[in-house]
file target32.cif (mmCIF, C-alpha atoms)
data_query
loop_
_atom_site.group_PDB
_atom_site.id
_atom_site.type_symbol
_atom_site.label_atom_id
_atom_site.label_comp_id
_atom_site.auth_asym_id
_atom_site.auth_seq_id
_atom_site.Cartn_x
_atom_site.Cartn_y
_atom_site.Cartn_z
ATOM 1 C CA MET A 25 116.778 92.388 92.004
ATOM 2 C CA ARG A 26 114.516 95.243 91.092
ATOM 3 C CA LEU A 27 113.568 95.078 87.463
ATOM 4 C CA LEU A 28 111.529 98.247 87.595
ATOM 5 C CA PRO A 29 112.880 101.758 87.995
ATOM 6 C CA ARG A 30 112.237 103.450 91.318
ATOM 7 C CA LEU A 31 109.370 105.695 90.377
ATOM 8 C CA PHE A 32 108.626 107.124 93.779
ATOM 9 C CA ARG A 33 111.576 107.856 96.010
ATOM 10 C CA ARG A 34 111.823 110.069 99.028
ATOM 11 C CA LEU A 35 111.973 113.338 97.194
ATOM 12 C CA PRO A 36 109.354 116.071 97.478
ATOM 13 C CA ARG A 37 108.327 115.556 93.880
ATOM 14 C CA ASP A 38 107.932 111.848 94.593
ATOM 15 C CA CYS A 39 105.627 112.637 97.493
ATOM 16 C CA ALA A 40 103.544 114.750 95.127
ATOM 17 C CA ARG A 41 103.405 111.928 92.594
ATOM 18 C CA VAL A 42 102.417 109.421 95.244
ATOM 19 C CA GLY A 43 99.811 111.851 96.514
ATOM 20 C CA LYS A 44 98.195 111.914 93.089
ATOM 21 C CA VAL A 45 97.698 108.153 93.018
ATOM 22 C CA LEU A 46 97.291 107.476 96.725
ATOM 23 C CA GLN A 47 93.526 107.084 96.601
ATOM 24 C CA GLN A 48 93.792 104.672 93.672
ATOM 25 C CA TYR A 49 96.441 102.759 95.587
ATOM 26 C CA LEU A 50 94.228 102.452 98.668
ATOM 27 C CA ASP A 51 91.327 101.340 96.474
ATOM 28 C CA THR A 52 93.528 98.708 94.766
ATOM 29 C CA GLU A 53 92.916 100.350 91.424
ATOM 30 C CA LEU A 54 96.606 100.625 90.452
ATOM 31 C CA ASP A 55 98.524 98.104 88.385
ATOM 32 C CA ALA A 56 100.783 95.828 90.418
ATOM 33 C CA ALA A 57 104.039 97.471 89.390
ATOM 34 C CA THR A 58 102.907 100.987 90.297
ATOM 35 C CA ALA A 59 101.313 99.763 93.525
ATOM 36 C CA SER A 60 104.595 98.145 94.501
ATOM 37 C CA GLU A 61 106.463 101.395 93.964
ATOM 38 C CA VAL A 62 103.897 103.342 95.981
ATOM 39 C CA LEU A 63 104.195 100.837 98.788
ATOM 40 C CA SER A 64 107.973 101.221 98.814
ATOM 41 C CA HIS A 65 107.613 104.981 99.087
ATOM 42 C CA LEU A 66 105.046 104.747 101.875
ATOM 43 C CA GLU A 67 107.365 102.511 103.861
ATOM 44 C CA GLU A 68 110.232 104.950 103.524
ATOM 45 C CA CYS A 69 108.467 108.304 103.789
ATOM 46 C CA ARG A 70 106.919 108.971 107.190
ATOM 47 C CA ASP A 71 104.675 111.808 106.042
ATOM 48 C CA CYS A 72 103.211 109.873 103.150
ATOM 49 C CA GLY A 73 102.969 106.766 105.304
ATOM 50 C CA LEU A 74 100.938 108.698 107.865
ATOM 51 C CA GLU A 75 98.807 110.150 105.112
ATOM 52 C CA ALA A 76 98.058 106.698 103.795
ATOM 53 C CA ALA A 77 97.346 105.358 107.285
ATOM 54 C CA THR A 78 94.860 108.180 107.865
ATOM 55 C CA TYR A 79 92.908 107.504 104.723
ATOM 56 C CA ARG A 80 93.114 103.760 105.252
ATOM 57 C CA ARG A 81 91.577 104.172 108.681
ATOM 58 C CA ILE A 82 88.790 106.336 107.311
ATOM 59 C CA LYS A 83 88.088 103.762 104.598
ATOM 60 C CA ALA A 84 87.961 100.983 107.173
ATOM 61 C CA SER A 85 85.557 102.980 109.307
ATOM 62 C CA VAL A 86 83.211 103.607 106.387
ATOM 63 C CA ALA A 87 83.368 99.910 105.507
ATOM 64 C CA ARG A 88 82.460 98.992 109.091
ATOM 65 C CA SER A 89 79.408 101.213 108.930
ATOM 66 C CA GLY A 90 78.090 99.120 106.068
ATOM 67 C CA VAL A 91 78.600 95.681 107.506
ATOM 68 C CA PRO A 92 75.228 94.071 106.881
ATOM 69 C CA ASP A 93 73.239 92.553 109.678
ATOM 70 C CA PRO A 94 73.756 88.803 109.114
ATOM 71 C CA ASP A 95 70.070 88.102 109.757
ATOM 72 C CA GLU A 96 68.955 90.595 107.138
ATOM 73 C CA VAL A 97 71.298 89.211 104.521
ATOM 74 C CA ALA A 98 70.202 85.684 105.436
ATOM 75 C CA ASN A 99 66.575 86.717 104.931
ATOM 76 C CA LEU A 100 67.389 88.141 101.514
ATOM 77 C CA ARG A 101 69.329 85.031 100.564
ATOM 78 C CA ALA A 102 66.349 82.908 101.577
ATOM 79 C CA PHE A 103 64.104 85.140 99.483
ATOM 80 C CA ALA A 104 66.465 84.723 96.503
ATOM 81 C CA GLU A 105 66.582 80.968 97.022
ATOM 82 C CA GLU A 106 62.801 80.849 96.926
ATOM 83 C CA LEU A 107 62.816 82.788 93.684
ATOM 84 C CA ALA A 108 65.433 80.440 92.236
ATOM 85 C CA ALA A 109 63.263 77.478 93.209
ATOM 86 C CA GLY A 110 60.359 78.828 91.190
ATOM 87 C CA GLY A 111 58.902 81.666 93.176
ATOM 88 C CA PRO A 112 58.171 82.533 96.786
ATOM 89 C CA SER A 113 55.566 80.514 98.568
ATOM 90 C CA GLU A 114 52.403 82.139 99.819
ATOM 91 C CA SER A 115 53.755 81.977 103.330
ATOM 92 C CA ALA A 116 56.359 84.507 102.247
ATOM 93 C CA ASP A 117 53.701 87.109 101.518
ATOM 94 C CA ARG A 118 54.113 90.177 103.621
ATOM 95 C CA ASP A 119 52.499 93.513 104.131
ATOM 96 C CA MET B 26 57.281 96.256 100.716
ATOM 97 C CA PRO B 27 57.140 97.366 97.073
ATOM 98 C CA PRO B 28 53.745 97.029 95.382
ATOM 99 C CA GLU B 29 55.206 94.516 92.944
ATOM 100 C CA ALA B 30 56.126 92.211 95.805
ATOM 101 C CA VAL B 31 52.896 92.516 97.761
ATOM 102 C CA GLY B 32 50.423 89.751 97.408
ATOM 103 C CA PHE B 33 52.468 87.637 95.047
ATOM 104 C CA ARG B 34 51.543 84.009 94.750
ATOM 105 C CA LYS B 35 53.538 80.863 94.387
ATOM 106 C CA ARG B 36 55.396 80.704 91.078
ATOM 107 C CA ALA B 37 54.071 84.090 90.080
ATOM 108 C CA TYR B 38 57.601 85.089 89.116
ATOM 109 C CA MET B 39 58.741 81.833 87.628
ATOM 110 C CA ALA B 40 60.919 82.351 84.581
ATOM 111 C CA ASP B 41 60.157 80.444 81.433
ATOM 112 C CA THR B 42 63.201 78.457 80.374
ATOM 113 C CA PRO B 43 64.717 75.401 82.080
ATOM 114 C CA GLY B 44 68.038 77.196 82.557
ATOM 115 C CA SER B 45 66.500 80.077 84.441
ATOM 116 C CA GLU B 46 66.953 78.622 87.899
ATOM 117 C CA ALA B 47 70.569 77.710 87.219
ATOM 118 C CA ALA B 48 71.282 81.132 85.748
ATOM 119 C CA PHE B 49 69.650 82.876 88.693
ATOM 120 C CA ARG B 50 71.677 80.791 91.119
ATOM 121 C CA GLN B 51 74.867 81.372 89.189
ATOM 122 C CA TYR B 52 74.604 85.082 88.543
ATOM 123 C CA VAL B 53 72.321 86.539 91.191
ATOM 124 C CA LEU B 54 72.725 84.633 94.451
ATOM 125 C CA PRO B 55 76.449 85.467 94.849
ATOM 126 C CA GLU B 56 75.630 89.171 94.577
ATOM 127 C CA VAL B 57 73.030 89.417 97.344
ATOM 128 C CA ASP B 58 75.561 90.813 99.796
ATOM 129 C CA VAL B 59 76.709 93.524 97.375
ATOM 130 C CA LEU B 60 73.114 94.378 96.516
ATOM 131 C CA TYR B 61 72.396 94.801 100.209
ATOM 132 C CA ARG B 62 75.379 97.076 100.733
ATOM 133 C CA VAL B 63 74.650 99.247 97.720
ATOM 134 C CA GLY B 64 70.963 99.269 98.554
ATOM 135 C CA ARG B 65 71.706 100.442 102.031
ATOM 136 C CA SER B 66 73.881 103.256 100.729
ATOM 137 C CA LEU B 67 70.915 104.350 98.637
ATOM 138 C CA THR B 68 68.118 104.037 101.170
ATOM 139 C CA ARG B 69 70.118 104.484 104.373
ATOM 140 C CA ASN B 70 67.881 102.321 106.513
ATOM 141 C CA HIS B 71 67.352 98.612 107.009
ATOM 142 C CA ALA B 72 63.674 98.258 106.137
ATOM 143 C CA ASP B 73 63.911 100.166 102.873
ATOM 144 C CA THR B 74 67.055 98.276 101.970
ATOM 145 C CA GLU B 75 65.315 94.951 102.367
ATOM 146 C CA ASP B 76 62.389 96.103 100.242
ATOM 147 C CA LEU B 77 64.650 97.530 97.561
ATOM 148 C CA VAL B 78 66.795 94.399 97.329
ATOM 149 C CA GLN B 79 63.742 92.142 97.224
ATOM 150 C CA GLU B 80 62.310 94.230 94.415
ATOM 151 C CA THR B 81 65.653 94.047 92.612
ATOM 152 C CA LEU B 82 65.753 90.261 92.991
ATOM 153 C CA ILE B 83 62.243 89.932 91.593
ATOM 154 C CA ARG B 84 63.084 92.146 88.619
ATOM 155 C CA ALA B 85 66.267 90.145 88.023
ATOM 156 C CA TYR B 86 64.320 86.921 88.188
ATOM 157 C CA ARG B 87 61.852 88.166 85.620
ATOM 158 C CA ALA B 88 64.678 89.255 83.317
ATOM 159 C CA ILE B 89 67.149 86.408 83.807
ATOM 160 C CA ASP B 90 66.236 84.779 80.495
ATOM 161 C CA ARG B 91 67.297 87.920 78.666
ATOM 162 C CA PHE B 92 70.595 88.287 80.541
ATOM 163 C CA ASP B 93 73.643 87.314 78.483
ATOM 164 C CA GLY B 94 75.750 86.257 81.474
ATOM 165 C CA ARG B 95 78.285 89.051 81.123
ATOM 166 C CA HIS B 96 79.007 91.363 84.058
ATOM 167 C CA PRO B 97 76.228 90.164 86.369
ATOM 168 C CA ARG B 98 77.098 92.652 89.093
ATOM 169 C CA ALA B 99 76.815 95.608 86.733
ATOM 170 C CA TRP B 100 73.553 94.211 85.393
ATOM 171 C CA LEU B 101 72.114 93.772 88.869
ATOM 172 C CA LEU B 102 73.259 97.183 90.026
ATOM 173 C CA THR B 103 71.534 98.762 87.045
ATOM 174 C CA ILE B 104 68.338 96.972 88.023
ATOM 175 C CA LEU B 105 68.755 98.107 91.598
ATOM 176 C CA ARG B 106 69.352 101.682 90.572
ATOM 177 C CA ASN B 107 66.272 101.741 88.360
ATOM 178 C CA ALA B 108 64.204 100.176 91.116
ATOM 179 C CA GLN B 109 65.389 102.841 93.516
ATOM 180 C CA ILE B 110 64.560 105.622 91.042
ATOM 181 C CA ASN B 111 61.026 104.269 90.789
ATOM 182 C CA ARG B 112 60.750 103.974 94.557
ATOM 183 C CA THR B 113 61.965 107.531 95.046
ATOM 184 C CA ARG B 114 59.390 108.819 92.611
ATOM 185 C CA ARG B 115 56.697 107.118 94.657
ATOM 186 C CA ARG B 116 57.845 108.608 97.924
ATOM 187 C CA ARG B 117 58.373 111.992 99.407
ATOM 188 C CA PRO B 118 62.108 112.621 99.091
ATOM 189 C CA GLU B 119 62.433 114.024 102.578
ATOM 190 C CA LEU B 120 61.477 110.658 104.050
ATOM 191 C CA LEU B 121 64.597 109.089 102.585
ATOM 192 C CA HIS B 122 66.875 110.851 105.025
ATOM 193 C CA ASP B 123 64.846 111.013 108.201
ATOM 194 C CA PRO B 124 67.368 112.036 110.877
ATOM 195 C CA ASP B 125 65.736 109.821 113.499
ATOM 196 C CA VAL B 126 66.020 106.822 111.224
ATOM 197 C CA GLU B 127 69.600 107.794 110.504
ATOM 198 C CA LEU B 128 70.452 107.934 114.204
ATOM 199 C CA GLU B 129 68.819 104.578 114.742
ATOM 200 C CA ARG B 130 70.842 103.169 111.865
ATOM 201 C CA LEU B 131 74.029 104.571 113.365
ATOM 202 C CA ALA B 132 73.250 103.154 116.783
ATOM 203 C CA SER B 133 72.373 99.722 115.469
ATOM 204 C CA THR B 134 75.313 99.355 113.104
ATOM 205 C CA SER B 135 76.764 95.881 113.347
ATOM 206 C CA ILE B 136 80.537 95.705 113.620
ATOM 207 C CA GLY B 137 83.312 93.239 114.196
ATOM 208 C CA ASP B 138 82.474 90.640 111.581
ATOM 209 C CA GLN B 139 85.219 91.450 109.125
ATOM 210 C CA ASP B 140 88.266 89.425 108.180
ATOM 211 C CA ASP B 141 90.398 92.481 107.587
ATOM 212 C CA PRO B 142 92.515 93.099 110.720
ATOM 213 C CA GLU B 143 92.019 96.825 110.276
ATOM 214 C CA HIS B 144 88.361 96.312 110.980
ATOM 215 C CA GLN B 145 89.131 94.750 114.323
ATOM 216 C CA VAL B 146 90.456 97.966 115.845
ATOM 217 C CA VAL B 147 87.229 99.758 116.558
ATOM 218 C CA ASP B 148 86.973 103.217 118.052
ATOM 219 C CA PRO B 149 83.302 104.151 118.356
ATOM 220 C CA VAL B 150 84.098 107.849 118.742
ATOM 221 C CA PHE B 151 86.232 107.868 115.623
ATOM 222 C CA ASP B 152 83.593 105.895 113.730
ATOM 223 C CA ALA B 153 80.867 108.310 114.801
ATOM 224 C CA ASN B 154 82.953 111.228 113.563
ATOM 225 C CA VAL B 155 83.621 109.480 110.263
ATOM 226 C CA GLN B 156 79.898 108.868 109.894
ATOM 227 C CA ALA B 157 79.184 112.516 110.642
ATOM 228 C CA ALA B 158 81.808 113.577 108.103
ATOM 229 C CA LEU B 159 80.273 111.270 105.515
ATOM 230 C CA ASP B 160 76.755 112.480 106.219
ATOM 231 C CA ALA B 161 77.893 116.083 105.877
ATOM 232 C CA LEU B 162 78.968 115.511 102.283
ATOM 233 C CA PRO B 163 76.715 116.487 99.391
ATOM 234 C CA ASP B 164 75.208 113.417 97.728
ATOM 235 C CA ARG B 165 77.439 113.657 94.664
ATOM 236 C CA PHE B 166 80.492 113.208 96.921
ATOM 237 C CA ARG B 167 78.960 110.849 99.462
ATOM 238 C CA ARG B 168 77.711 108.282 96.974
ATOM 239 C CA PRO B 169 81.112 107.413 95.422
ATOM 240 C CA VAL B 170 82.579 106.927 98.897
ATOM 241 C CA GLU B 171 79.750 104.615 99.898
ATOM 242 C CA LEU B 172 79.840 102.633 96.677
ATOM 243 C CA VAL B 173 83.609 102.097 96.831
ATOM 244 C CA ASP B 174 84.275 101.841 100.564
ATOM 245 C CA LEU B 175 80.992 100.539 101.874
ATOM 246 C CA ALA B 176 79.757 98.427 98.988
ATOM 247 C CA GLY B 177 83.192 97.415 97.744
ATOM 248 C CA LEU B 178 82.628 98.372 94.114
ATOM 249 C CA SER B 179 85.439 99.066 91.671
ATOM 250 C CA TYR B 180 85.730 102.535 90.160
ATOM 251 C CA GLN B 181 84.222 101.202 86.928
ATOM 252 C CA GLU B 182 81.287 99.628 88.756
ATOM 253 C CA ALA B 183 80.703 102.796 90.765
ATOM 254 C CA ALA B 184 80.846 104.869 87.577
ATOM 255 C CA SER B 185 78.198 102.660 85.982
ATOM 256 C CA GLN B 186 76.022 102.880 89.056
ATOM 257 C CA LEU B 187 76.285 106.660 89.157
ATOM 258 C CA ASP B 188 76.142 107.043 85.374
ATOM 259 C CA VAL B 189 79.252 109.221 85.298
ATOM 260 C CA PRO B 190 82.747 108.692 83.804
ATOM 261 C CA VAL B 191 85.360 106.829 85.853
ATOM 262 C CA GLY B 192 87.414 110.008 86.049
ATOM 263 C CA THR B 193 84.514 111.742 87.748
ATOM 264 C CA VAL B 194 84.302 108.965 90.328
ATOM 265 C CA MET B 195 88.021 109.361 91.015
ATOM 266 C CA SER B 196 87.909 113.120 91.378
ATOM 267 C CA ARG B 197 84.804 113.031 93.582
ATOM 268 C CA LEU B 198 86.322 110.334 95.765
ATOM 269 C CA HIS B 199 89.461 112.384 96.166
ATOM 270 C CA ARG B 200 87.566 115.520 97.086
ATOM 271 C CA ALA B 201 85.149 113.653 99.349
ATOM 272 C CA ARG B 202 87.878 111.979 101.352
ATOM 273 C CA LYS B 203 89.790 115.227 101.617
ATOM 274 C CA ARG B 204 86.694 116.888 103.055
ATOM 275 C CA MET B 205 86.151 114.001 105.444
ATOM 276 C CA ARG B 206 89.712 114.216 106.587
ATOM 277 C CA GLU B 207 89.409 117.955 107.171
ATOM 278 C CA HIS B 208 86.241 117.274 109.168
ATOM 279 C CA LEU B 209 88.148 114.749 111.277
ATOM 280 C CA ASP B 210 91.047 117.155 111.715
ATOM 281 C CA ARG B 211 88.644 119.734 113.117
ATOM 282 C CA ALA B 212 87.238 117.068 115.451
ATOM 283 C CA GLY B 213 90.704 116.376 116.831
ATOM 284 C CA PHE B 214 91.557 113.325 114.773
ATOM 285 C CA GLY B 215 94.625 114.747 113.042
ATOM 286 C CA LEU B 216 97.561 112.779 111.704
ATOM 287 C CA GLU B 217 99.416 112.516 114.989
ATOM 288 C CA GLU B 218 96.363 111.252 116.824
ATOM 289 C CA LEU B 219 96.040 108.510 114.247
ATOM 290 C CA ASP B 220 99.678 107.489 114.391
#

call {"tool": "encode", "arguments": {"input": "target32.cif", "output": "structure tokens"}}
result
Amino acid sequence: MRLLPRLFRRLPRDCARVGKVLQQYLDTELDAATASEVLSHLEECRDCGLEAATYRRIKASVARSGVPDPDEVANLRAFAEELAAGGPSESADRD
Amino acid sequence: MPPEAVGFRKRAYMADTPGSEAAFRQYVLPEVDVLYRVGRSLTRNHADTEDLVQETLIRAYRAIDRFDGRHPRAWLLTILRNAQINRTRRRRPELLHDPDVELERLASTSIGDQDDPEHQVVDPVFDANVQAALDALPDRFRRPVELVDLAGLSYQEAASQLDVPVGTVMSRLHRARKRMREHLDRAGFGLEELD
């Protein structure tokens, strides 16, 4: 049973309302209830669903571009571990 | 390598109190990945990122005794931002966005190590166009996208990092993504092609 009113149905004005919060939805910045209503609309409305899929794919691509090189992050973790242990050893000195 | 980190000697950065090591491990070590991602969005190349994050870690280590334990990520990102401001002042700004370095970064980008299934469908041509669209944005629009999508920050964290209100982050994100989408549309990646 749905306890919440249907905020975003398949009406043009609902598409406009979803459009206003779509970015927040994709960034998981909406409260759970509103996010659930947006999701319902996206599943029912092809245009808005495509819109969301487009932006989701762009977001994923940007995220991929920032995937750190595991070796570089490992080096930084090792550096941090040395600091935590009381400071880097002289062998860690670099130019 | 930042001057502060050159020529340091063993225990040169040792904090004073017995709880310092535990605090550093608790608050700083879990954030190394985020520091790297944000650092890379700032410097846009691997070598500078490593230097910037190392400098940030050293500054955090020196200051850990004065940290109250609240919002460690925000605290660390503030340190990182200040470190970057100092670095930028020391350098010629045009070196920060050397196109050759940028191309090298693009070519050497590591992919395919994400849990999210969306990340497993990789189209290098699409990704290159997204990168071009991102690079074409003015800094004030590009930075929110990188902080949220690339570094995984919340709107509030991004706002703190950029020193602007959350509403500004939201509006810039919206406009930035719209521009990127228009760029992709012009490159032939319209809605139907993405379906």

call {"tool": "residues_near_point", "arguments": {"input": "target32.cif", "point": "(79.3, 115.7, 105.9)", "cutoff": "12 Å", "atoms": "all atoms listed in the file", "output": "VMD selection string"}}
result
chain B and resid 153 to 168 170 201 to 209

call {"tool": "atom_distance", "arguments": {"input": "target32.cif", "atom1": "atom CA of B:Ser179", "atom2": "atom CA of A:Lys83"}}
result
14.0 Å

call {"tool": "interface_residues", "arguments": {"input": "target32.cif", "of": "chain A", "to": "chain B", "cutoff": "8 Å", "atoms": "only C-alpha atoms", "output": "number ranges by chain"}}
result
A: 47-48, 51, 53, 74-75, 77-79, 81-93, 96-97, 100-101, 103-105, 107-114, 117-119

call {"tool": "write_last_selection", "arguments": {"input": "target32.cif", "atoms": "C-alpha atoms", "output": "PDB file, keeping the file's coordinate frame"}}
result
ATOM      1  CA  GLN A  47      93.526 107.084  96.601  1.00  0.00           C
ATOM      2  CA  GLN A  48      93.792 104.672  93.672  1.00  0.00           C
ATOM      3  CA  ASP A  51      91.327 101.340  96.474  1.00  0.00           C
ATOM      4  CA  GLU A  53      92.916 100.350  91.424  1.00  0.00           C
ATOM      5  CA  LEU A  74     100.938 108.698 107.865  1.00  0.00           C
ATOM      6  CA  GLU A  75      98.807 110.150 105.112  1.00  0.00           C
ATOM      7  CA  ALA A  77      97.346 105.358 107.285  1.00  0.00           C
ATOM      8  CA  THR A  78      94.860 108.180 107.865  1.00  0.00           C
ATOM      9  CA  TYR A  79      92.908 107.504 104.723  1.00  0.00           C
ATOM     10  CA  ARG A  81      91.577 104.172 108.681  1.00  0.00           C
ATOM     11  CA  ILE A  82      88.790 106.336 107.311  1.00  0.00           C
ATOM     12  CA  LYS A  83      88.088 103.762 104.598  1.00  0.00           C
ATOM     13  CA  ALA A  84      87.961 100.983 107.173  1.00  0.00           C
ATOM     14  CA  SER A  85      85.557 102.980 109.307  1.00  0.00           C
ATOM     15  CA  VAL A  86      83.211 103.607 106.387  1.00  0.00           C
ATOM     16  CA  ALA A  87      83.368  99.910 105.507  1.00  0.00           C
ATOM     17  CA  ARG A  88      82.460  98.992 109.091  1.00  0.00           C
ATOM     18  CA  SER A  89      79.408 101.213 108.930  1.00  0.00           C
ATOM     19  CA  GLY A  90      78.090  99.120 106.068  1.00  0.00           C
ATOM     20  CA  VAL A  91      78.600  95.681 107.506  1.00  0.00           C
ATOM     21  CA  PRO A  92      75.228  94.071 106.881  1.00  0.00           C
ATOM     22  CA  ASP A  93      73.239  92.553 109.678  1.00  0.00           C
ATOM     23  CA  GLU A  96      68.955  90.595 107.138  1.00  0.00           C
ATOM     24  CA  VAL A  97      71.298  89.211 104.521  1.00  0.00           C
ATOM     25  CA  LEU A 100      67.389  88.141 101.514  1.00  0.00           C
ATOM     26  CA  ARG A 101      69.329  85.031 100.564  1.00  0.00           C
ATOM     27  CA  PHE A 103      64.104  85.140  99.483  1.00  0.00           C
ATOM     28  CA  ALA A 104      66.465  84.723  96.503  1.00  0.00           C
ATOM     29  CA  GLU A 105      66.582  80.968  97.022  1.00  0.00           C
ATOM     30  CA  LEU A 107      62.816  82.788  93.684  1.00  0.00           C
ATOM     31  CA  ALA A 108      65.433  80.440  92.236  1.00  0.00           C
ATOM     32  CA  ALA A 109      63.263  77.478  93.209  1.00  0.00           C
ATOM     33  CA  GLY A 110      60.359  78.828  91.190  1.00  0.00           C
ATOM     34  CA  GLY A 111      58.902  81.666  93.176  1.00  0.00           C
ATOM     35  CA  PRO A 112      58.171  82.533  96.786  1.00  0.00           C
ATOM     36  CA  SER A 113      55.566  80.514  98.568  1.00  0.00           C
ATOM     37  CA  GLU A 114      52.403  82.139  99.819  1.00  0.00           C
ATOM     38  CA  ASP A 117      53.701  87.109 101.518  1.00  0.00           C
ATOM     39  CA  ARG A 118      54.113  90.177 103.621  1.00  0.00           C
ATOM     40  CA  ASP A 119      52.499  93.513 104.131  1.00  0.00           C
TER      41      ASP A 119
END

call {"tool": "atom_distance", "arguments": {"input": "target32.cif", "atom1": "atom CA of B:Leu67", "atom2": "atom CA of B:Arg84"}}
result
17.6 Å

call {"tool": "residues_around", "arguments": {"input": "target32.cif", "residues": "A:Lys44", "least_positions_apart": "4", "cutoff": "12 Å", "atoms": "all atoms listed in the file", "output": "PDB file with C-alpha atoms, in the frame of the given file"}}
result
ATOM      1  CA  PHE A  32     108.626 107.124  93.779  1.00  0.00           C
ATOM      2  CA  ARG A  37     108.327 115.556  93.880  1.00  0.00           C
ATOM      3  CA  ASP A  38     107.932 111.848  94.593  1.00  0.00           C
ATOM      4  CA  CYS A  39     105.627 112.637  97.493  1.00  0.00           C
ATOM      5  CA  ALA A  40     103.544 114.750  95.127  1.00  0.00           C
ATOM      6  CA  GLN A  48      93.792 104.672  93.672  1.00  0.00           C
ATOM      7  CA  TYR A  49      96.441 102.759  95.587  1.00  0.00           C
ATOM      8  CA  LEU A  50      94.228 102.452  98.668  1.00  0.00           C
ATOM      9  CA  LEU A  54      96.606 100.625  90.452  1.00  0.00           C
ATOM     10  CA  VAL A  62     103.897 103.342  95.981  1.00  0.00           C
ATOM     11  CA  CYS A  72     103.211 109.873 103.150  1.00  0.00           C
ATOM     12  CA  ALA A  76      98.058 106.698 103.795  1.00  0.00           C
TER      13      ALA A  76
ATOM     14  CA  MET B 195      88.021 109.361  91.015  1.00  0.00           C
ATOM     15  CA  SER B 196      87.909 113.120  91.378  1.00  0.00           C
ATOM     16  CA  HIS B 199      89.461 112.384  96.166  1.00  0.00           C
ATOM     17  CA  ARG B 200      87.566 115.520  97.086  1.00  0.00           C
TER      18      ARG B 200
END

call {"tool": "atom_distance", "arguments": {"input": "target32.cif", "atom1": "atom CA of A:Gly73", "atom2": "atom CA of B:Thr193"}}
result
26.0 Å

call {"tool": "residues_around", "arguments": {"input": "target32.cif", "residues": "B:Pro169", "least_positions_apart": "5", "cutoff": "7 Å", "atoms": "only C-alpha atoms", "output": "VMD selection string"}}
result
chain B and resid 183 194 197 to 198

call {"tool": "axis_aligned_box", "arguments": {"input": "target32.cif", "around": "stretch 85-101 of chain A", "padding_each_side": "5 Å", "output": "AutoDock Vina command-line options"}}
result
--center_x 76.1 --center_y 94.3 --center_z 105.2 --size_x 29.0 --size_y 28.6 --size_z 19.2

call {"tool": "decode", "arguments": {"input": "target32.cif", "residues": "stretch 52-66 of chain A", "atoms": "C-alpha atoms", "output": "PDB file, in the first residue's frame"}}
result
ATOM      1  CA  THR A  52      21.305  10.777  -4.252  1.00  0.00           C
ATOM      2  CA  GLU A  53      20.666  14.115  -2.613  1.00  0.00           C
ATOM      3  CA  LEU A  54      16.878  13.674  -2.313  1.00  0.00           C
ATOM      4  CA  ASP A  55      15.058  12.318   0.713  1.00  0.00           C
ATOM      5  CA  ALA A  56      13.938   8.707   0.359  1.00  0.00           C
ATOM      6  CA  ALA A  57      10.257   9.474  -0.112  1.00  0.00           C
ATOM      7  CA  THR A  58      10.824  11.985  -2.911  1.00  0.00           C
ATOM      8  CA  ALA A  59      13.425   9.746  -4.548  1.00  0.00           C
ATOM      9  CA  SER A  60      10.926   6.900  -4.564  1.00  0.00           C
ATOM     10  CA  GLU A  61       8.344   9.054  -6.305  1.00  0.00           C
ATOM     11  CA  VAL A  62      10.881  10.217  -8.886  1.00  0.00           C
ATOM     12  CA  LEU A  63      11.858   6.632  -9.548  1.00  0.00           C
ATOM     13  CA  SER A  64       8.224   5.678 -10.102  1.00  0.00           C
ATOM     14  CA  HIS A  65       7.846   8.483 -12.619  1.00  0.00           C
ATOM     15  CA  LEU A  66      11.043   7.559 -14.449  1.00  0.00           C
TER      16      LEU A  66
END
